[in-house]
>>> print(open('upload.cif').read())   # mmCIF, N, CA and C atoms
data_model
#
loop_
_atom_site.label_atom_id
_atom_site.label_comp_id
_atom_site.auth_asym_id
_atom_site.auth_seq_id
_atom_site.Cartn_x
_atom_site.Cartn_y
_atom_site.Cartn_z
N MET A 1 144.29 96.85 -92.39
CA MET A 1 144.44 98.26 -92.18
C MET A 1 143.96 98.65 -90.79
N GLU A 2 142.79 98.10 -90.42
CA GLU A 2 142.21 98.44 -89.13
C GLU A 2 143.12 98.02 -87.98
N MET A 3 143.68 96.82 -88.07
CA MET A 3 144.57 96.35 -87.00
C MET A 3 145.83 97.22 -86.95
N TRP A 4 146.31 97.66 -88.10
CA TRP A 4 147.48 98.54 -88.15
C TRP A 4 147.18 99.84 -87.40
N ILE A 5 145.98 100.39 -87.60
CA ILE A 5 145.59 101.62 -86.92
C ILE A 5 145.55 101.40 -85.42
N TYR A 6 144.95 100.29 -84.99
CA TYR A 6 144.89 100.00 -83.55
C TYR A 6 146.29 99.84 -82.96
N ARG A 7 147.18 99.20 -83.69
CA ARG A 7 148.55 99.04 -83.19
C ARG A 7 149.25 100.40 -83.07
N ARG A 8 149.04 101.28 -84.04
CA ARG A 8 149.63 102.62 -83.98
C ARG A 8 149.09 103.41 -82.80
N MET A 9 147.78 103.27 -82.54
CA MET A 9 147.16 103.98 -81.42
C MET A 9 147.76 103.53 -80.09
N GLN A 10 148.07 102.25 -79.99
CA GLN A 10 148.62 101.70 -78.75
C GLN A 10 150.14 101.79 -78.68
N GLY A 11 150.79 102.22 -79.75
CA GLY A 11 152.24 102.33 -79.79
C GLY A 11 152.94 100.97 -79.85
N ILE A 12 152.27 100.00 -80.49
CA ILE A 12 152.82 98.65 -80.62
C ILE A 12 153.50 98.53 -81.97
N SER A 13 154.77 98.21 -81.98
CA SER A 13 155.52 98.07 -83.21
C SER A 13 155.15 96.76 -83.91
N TRP A 14 155.30 96.75 -85.23
CA TRP A 14 155.01 95.52 -85.97
C TRP A 14 156.04 94.45 -85.67
N LYS A 15 157.18 94.85 -85.10
CA LYS A 15 158.23 93.89 -84.76
C LYS A 15 157.90 93.13 -83.47
N GLU A 16 157.07 93.72 -82.63
CA GLU A 16 156.70 93.06 -81.37
C GLU A 16 155.75 91.90 -81.65
N LYS A 17 155.90 90.86 -80.86
CA LYS A 17 155.06 89.66 -81.03
C LYS A 17 153.79 89.81 -80.20
N VAL A 18 152.89 90.67 -80.66
CA VAL A 18 151.62 90.89 -79.98
C VAL A 18 150.51 90.43 -80.91
N THR A 19 149.65 89.52 -80.41
CA THR A 19 148.59 88.98 -81.26
C THR A 19 147.50 90.03 -81.49
N ASN A 20 146.76 89.82 -82.55
CA ASN A 20 145.64 90.72 -82.85
C ASN A 20 144.61 90.70 -81.74
N LYS A 21 144.42 89.54 -81.13
CA LYS A 21 143.46 89.41 -80.04
C LYS A 21 143.84 90.32 -78.87
N LYS A 22 145.13 90.35 -78.53
CA LYS A 22 145.59 91.20 -77.42
C LYS A 22 145.48 92.68 -77.78
N VAL A 23 145.73 93.01 -79.04
CA VAL A 23 145.60 94.39 -79.48
C VAL A 23 144.14 94.83 -79.36
N LEU A 24 143.23 93.98 -79.80
CA LEU A 24 141.80 94.30 -79.70
C LEU A 24 141.36 94.45 -78.25
N GLU A 25 141.89 93.59 -77.37
CA GLU A 25 141.55 93.70 -75.95
C GLU A 25 142.05 95.02 -75.37
N SER A 26 143.23 95.45 -75.77
CA SER A 26 143.78 96.69 -75.24
C SER A 26 142.99 97.91 -75.73
N VAL A 27 142.35 97.78 -76.90
CA VAL A 27 141.52 98.86 -77.42
C VAL A 27 140.11 98.77 -76.85
N GLY A 28 139.74 97.61 -76.35
CA GLY A 28 138.41 97.42 -75.77
C GLY A 28 137.39 96.87 -76.75
N LEU A 29 137.84 96.14 -77.75
CA LEU A 29 136.96 95.55 -78.75
C LEU A 29 137.12 94.04 -78.75
N GLN A 30 136.10 93.34 -79.26
CA GLN A 30 136.20 91.89 -79.40
C GLN A 30 136.60 91.48 -80.80
N ARG A 31 136.20 92.28 -81.79
CA ARG A 31 136.55 92.01 -83.18
C ARG A 31 136.64 93.34 -83.91
N PRO A 32 137.33 93.36 -85.02
CA PRO A 32 137.44 94.62 -85.78
C PRO A 32 136.07 95.15 -86.18
N GLU A 33 135.81 96.41 -85.91
CA GLU A 33 134.51 97.01 -86.17
C GLU A 33 134.43 97.69 -87.53
N LEU A 34 135.54 98.15 -88.05
CA LEU A 34 135.53 98.88 -89.31
C LEU A 34 135.04 98.02 -90.46
N LEU A 35 135.56 96.81 -90.56
CA LEU A 35 135.16 95.90 -91.64
C LEU A 35 133.67 95.57 -91.54
N LEU A 36 133.19 95.37 -90.33
CA LEU A 36 131.78 95.07 -90.12
C LEU A 36 130.91 96.25 -90.56
N ALA A 37 131.33 97.45 -90.25
CA ALA A 37 130.58 98.65 -90.66
C ALA A 37 130.54 98.77 -92.18
N ILE A 38 131.66 98.47 -92.83
CA ILE A 38 131.71 98.53 -94.29
C ILE A 38 130.77 97.49 -94.89
N GLN A 39 130.79 96.27 -94.34
CA GLN A 39 129.91 95.22 -94.85
C GLN A 39 128.44 95.59 -94.67
N ARG A 40 128.09 96.16 -93.51
CA ARG A 40 126.71 96.57 -93.28
C ARG A 40 126.27 97.61 -94.29
N ARG A 41 127.10 98.62 -94.51
CA ARG A 41 126.75 99.68 -95.47
C ARG A 41 126.61 99.13 -96.88
N LYS A 42 127.50 98.20 -97.24
CA LYS A 42 127.45 97.60 -98.56
C LYS A 42 126.14 96.81 -98.74
N MET A 43 125.75 96.07 -97.71
CA MET A 43 124.51 95.30 -97.77
C MET A 43 123.30 96.23 -97.85
N LYS A 44 123.30 97.31 -97.09
CA LYS A 44 122.19 98.25 -97.13
C LYS A 44 122.09 98.91 -98.51
N TYR A 45 123.22 99.25 -99.09
CA TYR A 45 123.22 99.86 -100.41
C TYR A 45 122.69 98.89 -101.46
N TYR A 46 123.07 97.61 -101.34
CA TYR A 46 122.56 96.62 -102.28
C TYR A 46 121.04 96.50 -102.16
N GLY A 47 120.52 96.50 -100.93
CA GLY A 47 119.08 96.47 -100.73
C GLY A 47 118.40 97.67 -101.37
N HIS A 48 119.04 98.83 -101.26
CA HIS A 48 118.51 100.04 -101.89
C HIS A 48 118.48 99.89 -103.41
N LEU A 49 119.56 99.36 -103.98
CA LEU A 49 119.62 99.19 -105.44
C LEU A 49 118.57 98.21 -105.94
N ARG A 50 118.34 97.13 -105.18
CA ARG A 50 117.38 96.12 -105.61
C ARG A 50 115.96 96.64 -105.63
N THR A 51 115.62 97.58 -104.75
CA THR A 51 114.24 98.06 -104.67
C THR A 51 113.94 99.18 -105.65
N HIS A 52 114.96 99.76 -106.26
CA HIS A 52 114.76 100.85 -107.21
C HIS A 52 115.28 100.45 -108.59
N ASP A 53 114.57 100.87 -109.62
CA ASP A 53 115.02 100.61 -110.98
C ASP A 53 115.91 101.78 -111.40
N SER A 54 117.21 101.53 -111.45
CA SER A 54 118.14 102.60 -111.76
C SER A 54 119.27 102.09 -112.65
N ILE A 55 120.06 103.01 -113.13
CA ILE A 55 121.21 102.64 -113.96
C ILE A 55 122.23 101.84 -113.15
N GLN A 56 122.37 102.16 -111.86
CA GLN A 56 123.31 101.42 -111.01
C GLN A 56 122.90 99.95 -110.91
N LYS A 57 121.60 99.71 -110.79
CA LYS A 57 121.11 98.33 -110.71
C LYS A 57 121.43 97.58 -112.00
N ARG A 58 121.22 98.23 -113.13
CA ARG A 58 121.50 97.58 -114.42
C ARG A 58 122.99 97.28 -114.58
N ILE A 59 123.82 98.21 -114.15
CA ILE A 59 125.28 98.01 -114.23
C ILE A 59 125.71 96.87 -113.32
N LEU A 60 125.17 96.86 -112.12
CA LEU A 60 125.55 95.86 -111.12
C LEU A 60 125.17 94.45 -111.57
N GLU A 61 124.01 94.30 -112.16
CA GLU A 61 123.53 92.98 -112.53
C GLU A 61 123.87 92.59 -113.96
N GLY A 62 124.55 93.48 -114.68
CA GLY A 62 124.92 93.20 -116.06
C GLY A 62 126.04 92.18 -116.18
N LYS A 63 126.13 91.58 -117.32
CA LYS A 63 127.19 90.59 -117.61
C LYS A 63 128.09 91.14 -118.71
N ILE A 64 129.36 90.81 -118.63
CA ILE A 64 130.32 91.24 -119.64
C ILE A 64 130.82 90.02 -120.39
N ASP A 65 130.74 90.05 -121.70
CA ASP A 65 131.22 88.94 -122.51
C ASP A 65 132.74 89.01 -122.65
N GLY A 66 133.33 87.86 -122.91
CA GLY A 66 134.77 87.82 -123.12
C GLY A 66 135.44 86.82 -122.20
N ARG A 67 136.77 86.77 -122.32
CA ARG A 67 137.54 85.83 -121.51
C ARG A 67 138.55 86.58 -120.67
N ARG A 68 138.84 86.00 -119.51
CA ARG A 68 139.84 86.57 -118.62
C ARG A 68 141.14 85.79 -118.75
N CYS A 69 142.20 86.40 -118.30
CA CYS A 69 143.49 85.71 -118.27
C CYS A 69 143.43 84.62 -117.21
N THR A 70 144.38 83.69 -117.29
CA THR A 70 144.44 82.63 -116.29
C THR A 70 144.85 83.21 -114.95
N GLY A 71 144.53 82.49 -113.90
CA GLY A 71 144.87 82.94 -112.55
C GLY A 71 143.65 82.84 -111.65
N LEU A 72 143.73 83.51 -110.52
CA LEU A 72 142.63 83.49 -109.58
C LEU A 72 141.41 84.17 -110.17
N ARG A 73 140.24 83.69 -109.75
CA ARG A 73 139.01 84.32 -110.20
C ARG A 73 138.88 85.70 -109.56
N ARG A 74 138.42 86.64 -110.33
CA ARG A 74 138.22 87.98 -109.82
C ARG A 74 136.99 87.99 -108.93
N GLN A 75 137.09 88.65 -107.79
CA GLN A 75 135.94 88.76 -106.89
C GLN A 75 134.96 89.78 -107.46
N THR A 76 133.69 89.46 -107.37
CA THR A 76 132.66 90.36 -107.85
C THR A 76 131.92 90.99 -106.69
N TRP A 77 131.29 92.09 -106.95
CA TRP A 77 130.54 92.79 -105.93
C TRP A 77 129.39 91.94 -105.44
N LEU A 78 128.66 91.32 -106.38
CA LEU A 78 127.53 90.46 -106.01
C LEU A 78 128.00 89.20 -105.28
N GLY A 79 129.14 88.67 -105.68
CA GLY A 79 129.71 87.52 -104.97
C GLY A 79 130.04 87.86 -103.53
N ASN A 80 130.54 89.08 -103.33
CA ASN A 80 130.85 89.53 -101.98
C ASN A 80 129.58 89.69 -101.14
N ILE A 81 128.52 90.20 -101.74
CA ILE A 81 127.23 90.33 -101.05
C ILE A 81 126.72 88.95 -100.66
N GLN A 82 126.83 88.00 -101.57
CA GLN A 82 126.37 86.64 -101.30
C GLN A 82 127.18 86.02 -100.17
N GLU A 83 128.49 86.21 -100.18
CA GLU A 83 129.36 85.66 -99.13
C GLU A 83 129.06 86.30 -97.78
N THR A 84 128.84 87.59 -97.76
CA THR A 84 128.57 88.30 -96.52
C THR A 84 127.24 87.87 -95.92
N SER A 85 126.22 87.71 -96.76
CA SER A 85 124.89 87.34 -96.27
C SER A 85 124.78 85.85 -95.97
N GLN A 86 125.67 85.05 -96.51
CA GLN A 86 125.67 83.59 -96.36
C GLN A 86 124.36 82.99 -96.87
N MET A 87 123.89 83.51 -98.00
CA MET A 87 122.68 83.03 -98.65
C MET A 87 122.98 82.79 -100.12
N LYS A 88 122.12 82.00 -100.77
CA LYS A 88 122.24 81.82 -102.20
C LYS A 88 121.82 83.11 -102.89
N MET A 89 122.31 83.33 -104.11
CA MET A 89 122.06 84.59 -104.80
C MET A 89 120.57 84.82 -105.04
N CYS A 90 119.82 83.76 -105.36
CA CYS A 90 118.38 83.94 -105.58
C CYS A 90 117.69 84.36 -104.28
N GLU A 91 118.15 83.81 -103.13
CA GLU A 91 117.59 84.21 -101.84
C GLU A 91 117.94 85.66 -101.52
N VAL A 92 119.18 86.05 -101.84
CA VAL A 92 119.61 87.43 -101.59
C VAL A 92 118.74 88.41 -102.37
N CYS A 93 118.49 88.11 -103.65
CA CYS A 93 117.67 88.99 -104.50
C CYS A 93 116.25 89.11 -103.97
N GLU A 94 115.65 87.98 -103.59
CA GLU A 94 114.28 88.00 -103.06
C GLU A 94 114.21 88.74 -101.73
N THR A 95 115.18 88.48 -100.86
CA THR A 95 115.18 89.10 -99.54
C THR A 95 115.38 90.61 -99.65
N ALA A 96 116.23 91.05 -100.57
CA ALA A 96 116.50 92.48 -100.73
C ALA A 96 115.27 93.24 -101.20
N LEU A 97 114.37 92.58 -101.89
CA LEU A 97 113.14 93.24 -102.34
C LEU A 97 112.16 93.46 -101.19
N ASP A 98 112.25 92.66 -100.14
CA ASP A 98 111.41 92.83 -98.96
C ASP A 98 112.20 93.65 -97.93
N ARG A 99 111.86 94.92 -97.79
CA ARG A 99 112.65 95.84 -96.97
C ARG A 99 112.77 95.38 -95.52
N ARG A 100 111.68 94.90 -94.96
CA ARG A 100 111.70 94.48 -93.56
C ARG A 100 112.68 93.32 -93.34
N ARG A 101 112.62 92.32 -94.20
CA ARG A 101 113.54 91.18 -94.09
C ARG A 101 114.99 91.61 -94.32
N TRP A 102 115.21 92.51 -95.30
CA TRP A 102 116.57 92.94 -95.61
C TRP A 102 117.17 93.72 -94.45
N ARG A 103 116.36 94.55 -93.79
CA ARG A 103 116.84 95.27 -92.61
C ARG A 103 117.24 94.31 -91.51
N THR A 104 116.49 93.22 -91.37
CA THR A 104 116.83 92.21 -90.37
C THR A 104 118.16 91.55 -90.71
N VAL A 105 118.36 91.25 -91.99
CA VAL A 105 119.62 90.62 -92.42
C VAL A 105 120.80 91.54 -92.12
N THR A 106 120.67 92.82 -92.48
CA THR A 106 121.78 93.74 -92.27
C THR A 106 121.99 94.07 -90.80
N ALA A 107 120.92 94.07 -90.01
CA ALA A 107 121.04 94.37 -88.58
C ALA A 107 121.79 93.26 -87.85
N HIS A 108 121.61 92.01 -88.28
CA HIS A 108 122.25 90.89 -87.60
C HIS A 108 123.57 90.47 -88.23
N LEU A 109 124.10 91.29 -89.10
CA LEU A 109 125.37 91.00 -89.76
C LEU A 109 126.49 91.01 -88.72
N GLY A 110 127.23 89.94 -88.62
CA GLY A 110 128.34 89.86 -87.68
C GLY A 110 127.95 89.33 -86.31
N ASP A 111 126.63 89.15 -86.07
CA ASP A 111 126.18 88.62 -84.78
C ASP A 111 126.34 87.12 -84.68
N GLY A 112 126.45 86.47 -85.83
CA GLY A 112 126.48 85.01 -85.84
C GLY A 112 125.08 84.43 -85.91
N MET A 113 124.06 85.31 -85.89
CA MET A 113 122.68 84.85 -85.98
C MET A 113 122.29 84.75 -87.44
N ALA A 114 121.69 83.65 -87.82
CA ALA A 114 121.24 83.48 -89.19
C ALA A 114 119.79 83.92 -89.28
N PRO A 115 119.49 85.03 -89.95
CA PRO A 115 118.11 85.48 -90.06
C PRO A 115 117.29 84.55 -90.90
N SER A 116 116.02 84.45 -90.59
CA SER A 116 115.14 83.55 -91.36
C SER A 116 114.23 84.33 -92.25
#
>>> encode(input="upload.cif", output="structure tokens")
Amino acid sequence: MEMWIYRRMQGISWKEKVTNKKVLESVGLQRPELLLAIQRRKMKYYGHLRTHDSIQKRILEGKIDGRRCTGLRRQTWLGNIQETSQMKMCEVCETALDRRRWRTVTAHLGDGMAPS
């Protein structure tokens, strides 16, 4: 979606053979910023949920019994948090409880730096 918006802003048709890299250069960016902003906000919200005992936390961490139809596995919100942070789920839970460490993780999201 973000690349589509950038192409519309620059007047580049989808029929033209212009790479995403060139579109980003023409806009003055190195990588899409919208997705990174969404990931940061999602990570910050998860940190907020982990530090407070609320109904949202119970819903998020709850399990649903039953079977799914065959096909691709459904992506989960917690799985997405784990993938974004590039940490194991137990590490994510522990880190989110420590506000200072969690802020460091979310601040360096997309930098390529692995927080310790």
>>> select_by_dssp(input="upload.cif", residues="chain A", states="alpha helix (DSSP H)", output="MDAnalysis selection string")
chainID A and resid 2:10 20:27 33:51 55:61 77:85 89:97 99:107
>>> atom_distance(input="upload.cif", atom1="atom CA of Glu61 of chain A", atom2="atom CA of Arg40 of chain A")
19.8 Å
>>> closest_residue(input="upload.cif", among="A:Ile81, A:Asn20, A:Leu109, A:Gln10", to="Tyr46 of chain A", atoms="only N, CA and C atoms")
A:Ile81
>>> residues_around(input="upload.cif", residues="Trp102 of chain A", least_positions_apart="6", cutoff="10 Å", atoms="only C-alpha atoms", output="list in words")
Met43, Lys44, Tyr46, Gly47, His48, Val92, Cys93, Glu94, Thr95, Ala96 and Pro115 of chain A
>>> resolve_selection(input="upload.cif", expression="the PyMOL selection byres (((chain A and resi 78 and name CA) around 9) and name CA)", output="PDB file with N, CA and C atoms, in the coordinates of the input")
ATOM      1  N   TYR A  46     123.070  97.610-101.340  1.00  0.00           N
ATOM      2  CA  TYR A  46     122.560  96.620-102.280  1.00  0.00           C
ATOM      3  C   TYR A  46     121.040  96.500-102.160  1.00  0.00           C
ATOM      4  N   LEU A  60     125.170  96.860-112.120  1.00  0.00           N
ATOM      5  CA  LEU A  60     125.550  95.860-111.120  1.00  0.00           C
ATOM      6  C   LEU A  60     125.170  94.450-111.570  1.00  0.00           C
ATOM      7  N   GLU A  61     124.010  94.300-112.160  1.00  0.00           N
ATOM      8  CA  GLU A  61     123.530  92.980-112.530  1.00  0.00           C
ATOM      9  C   GLU A  61     123.870  92.590-113.960  1.00  0.00           C
ATOM     10  N   GLN A  75     137.090  88.650-107.790  1.00  0.00           N
ATOM     11  CA  GLN A  75     135.940  88.760-106.890  1.00  0.00           C
ATOM     12  C   GLN A  75     134.960  89.780-107.460  1.00  0.00           C
ATOM     13  N   THR A  76     133.690  89.460-107.370  1.00  0.00           N
ATOM     14  CA  THR A  76     132.660  90.360-107.850  1.00  0.00           C
ATOM     15  C   THR A  76     131.920  90.990-106.690  1.00  0.00           C
ATOM     16  N   TRP A  77     131.290  92.090-106.950  1.00  0.00           N
ATOM     17  CA  TRP A  77     130.540  92.790-105.930  1.00  0.00           C
ATOM     18  C   TRP A  77     129.390  91.940-105.440  1.00  0.00           C
ATOM     19  N   GLY A  79     129.140  88.670-105.680  1.00  0.00           N
ATOM     20  CA  GLY A  79     129.710  87.520-104.970  1.00  0.00           C
ATOM     21  C   GLY A  79     130.040  87.860-103.530  1.00  0.00           C
ATOM     22  N   ASN A  80     130.540  89.080-103.330  1.00  0.00           N
ATOM     23  CA  ASN A  80     130.850  89.530-101.980  1.00  0.00           C
ATOM     24  C   ASN A  80     129.580  89.690-101.140  1.00  0.00           C
ATOM     25  N   ILE A  81     128.520  90.200-101.740  1.00  0.00           N
ATOM     26  CA  ILE A  81     127.230  90.330-101.050  1.00  0.00           C
ATOM     27  C   ILE A  81     126.720  88.950-100.660  1.00  0.00           C
ATOM     28  N   GLN A  82     126.830  88.000-101.570  1.00  0.00           N
ATOM     29  CA  GLN A  82     126.370  86.640-101.300  1.00  0.00           C
ATOM     30  C   GLN A  82     127.180  86.020-100.170  1.00  0.00           C
ATOM     31  N   GLU A  83     128.490  86.210-100.180  1.00  0.00           N
ATOM     32  CA  GLU A  83     129.360  85.660 -99.130  1.00  0.00           C
ATOM     33  C   GLU A  83     129.060  86.300 -97.780  1.00  0.00           C
ATOM     34  N   MET A  89     122.310  83.330-104.110  1.00  0.00           N
ATOM     35  CA  MET A  89     122.060  84.590-104.800  1.00  0.00           C
ATOM     36  C   MET A  89     120.570  84.820-105.040  1.00  0.00           C
TER      37      MET A  89
END
>>> atom_distance(input="upload.cif", atom1="atom CA of Met1 of chain A", atom2="atom CA of Gln86 of chain A")
24.2 Å
>>> atom_distance(input="upload.cif", atom1="atom CA of Trp4 of chain A", atom2="atom CA of Thr84 of chain A")
23.1 Å
>>> resolve_selection(input="upload.cif", expression="the PyMOL selection byres ((chain A and resi 2) around 8)", output="PDB file with N, CA and C atoms, in the frame of the given file")
ATOM      1  N   MET A   1     144.290  96.850 -92.390  1.00  0.00           N
ATOM      2  CA  MET A   1     144.440  98.260 -92.180  1.00  0.00           C
ATOM      3  C   MET A   1     143.960  98.650 -90.790  1.00  0.00           C
ATOM      4  N   MET A   3     143.680  96.820 -88.070  1.00  0.00           N
ATOM      5  CA  MET A   3     144.570  96.350 -87.000  1.00  0.00           C
ATOM      6  C   MET A   3     145.830  97.220 -86.950  1.00  0.00           C
ATOM      7  N   TRP A   4     146.310  97.660 -88.100  1.00  0.00           N
ATOM      8  CA  TRP A   4     147.480  98.540 -88.150  1.00  0.00           C
ATOM      9  C   TRP A   4     147.180  99.840 -87.400  1.00  0.00           C
ATOM     10  N   ILE A   5     145.980 100.390 -87.600  1.00  0.00           N
ATOM     11  CA  ILE A   5     145.590 101.620 -86.920  1.00  0.00           C
ATOM     12  C   ILE A   5     145.550 101.400 -85.420  1.00  0.00           C
ATOM     13  N   TYR A   6     144.950 100.290 -84.990  1.00  0.00           N
ATOM     14  CA  TYR A   6     144.890 100.000 -83.550  1.00  0.00           C
ATOM     15  C   TYR A   6     146.290  99.840 -82.960  1.00  0.00           C
ATOM     16  N   ARG A   7     147.180  99.200 -83.690  1.00  0.00           N
ATOM     17  CA  ARG A   7     148.550  99.040 -83.190  1.00  0.00           C
ATOM     18  C   ARG A   7     149.250 100.400 -83.070  1.00  0.00           C
ATOM     19  N   ARG A   8     149.040 101.280 -84.040  1.00  0.00           N
ATOM     20  CA  ARG A   8     149.630 102.620 -83.980  1.00  0.00           C
ATOM     21  C   ARG A   8     149.090 103.410 -82.800  1.00  0.00           C
ATOM     22  N   PRO A  32     137.330  93.360 -85.020  1.00  0.00           N
ATOM     23  CA  PRO A  32     137.440  94.620 -85.780  1.00  0.00           C
ATOM     24  C   PRO A  32     136.070  95.150 -86.180  1.00  0.00           C
ATOM     25  N   GLU A  33     135.810  96.410 -85.910  1.00  0.00           N
ATOM     26  CA  GLU A  33     134.510  97.010 -86.170  1.00  0.00           C
ATOM     27  C   GLU A  33     134.430  97.690 -87.530  1.00  0.00           C
ATOM     28  N   LEU A  34     135.540  98.150 -88.050  1.00  0.00           N
ATOM     29  CA  LEU A  34     135.530  98.880 -89.310  1.00  0.00           C
ATOM     30  C   LEU A  34     135.040  98.020 -90.460  1.00  0.00           C
ATOM     31  N   LEU A  35     135.560  96.810 -90.560  1.00  0.00           N
ATOM     32  CA  LEU A  35     135.160  95.900 -91.640  1.00  0.00           C
ATOM     33  C   LEU A  35     133.670  95.570 -91.540  1.00  0.00           C
TER      34      LEU A  35
END
>>> closest_residue(input="upload.cif", among="A:Thr19, A:Leu97, A:Ser85, A:Gly71", to="Gln39 of chain A", atoms="only C-alpha atoms")
A:Ser85
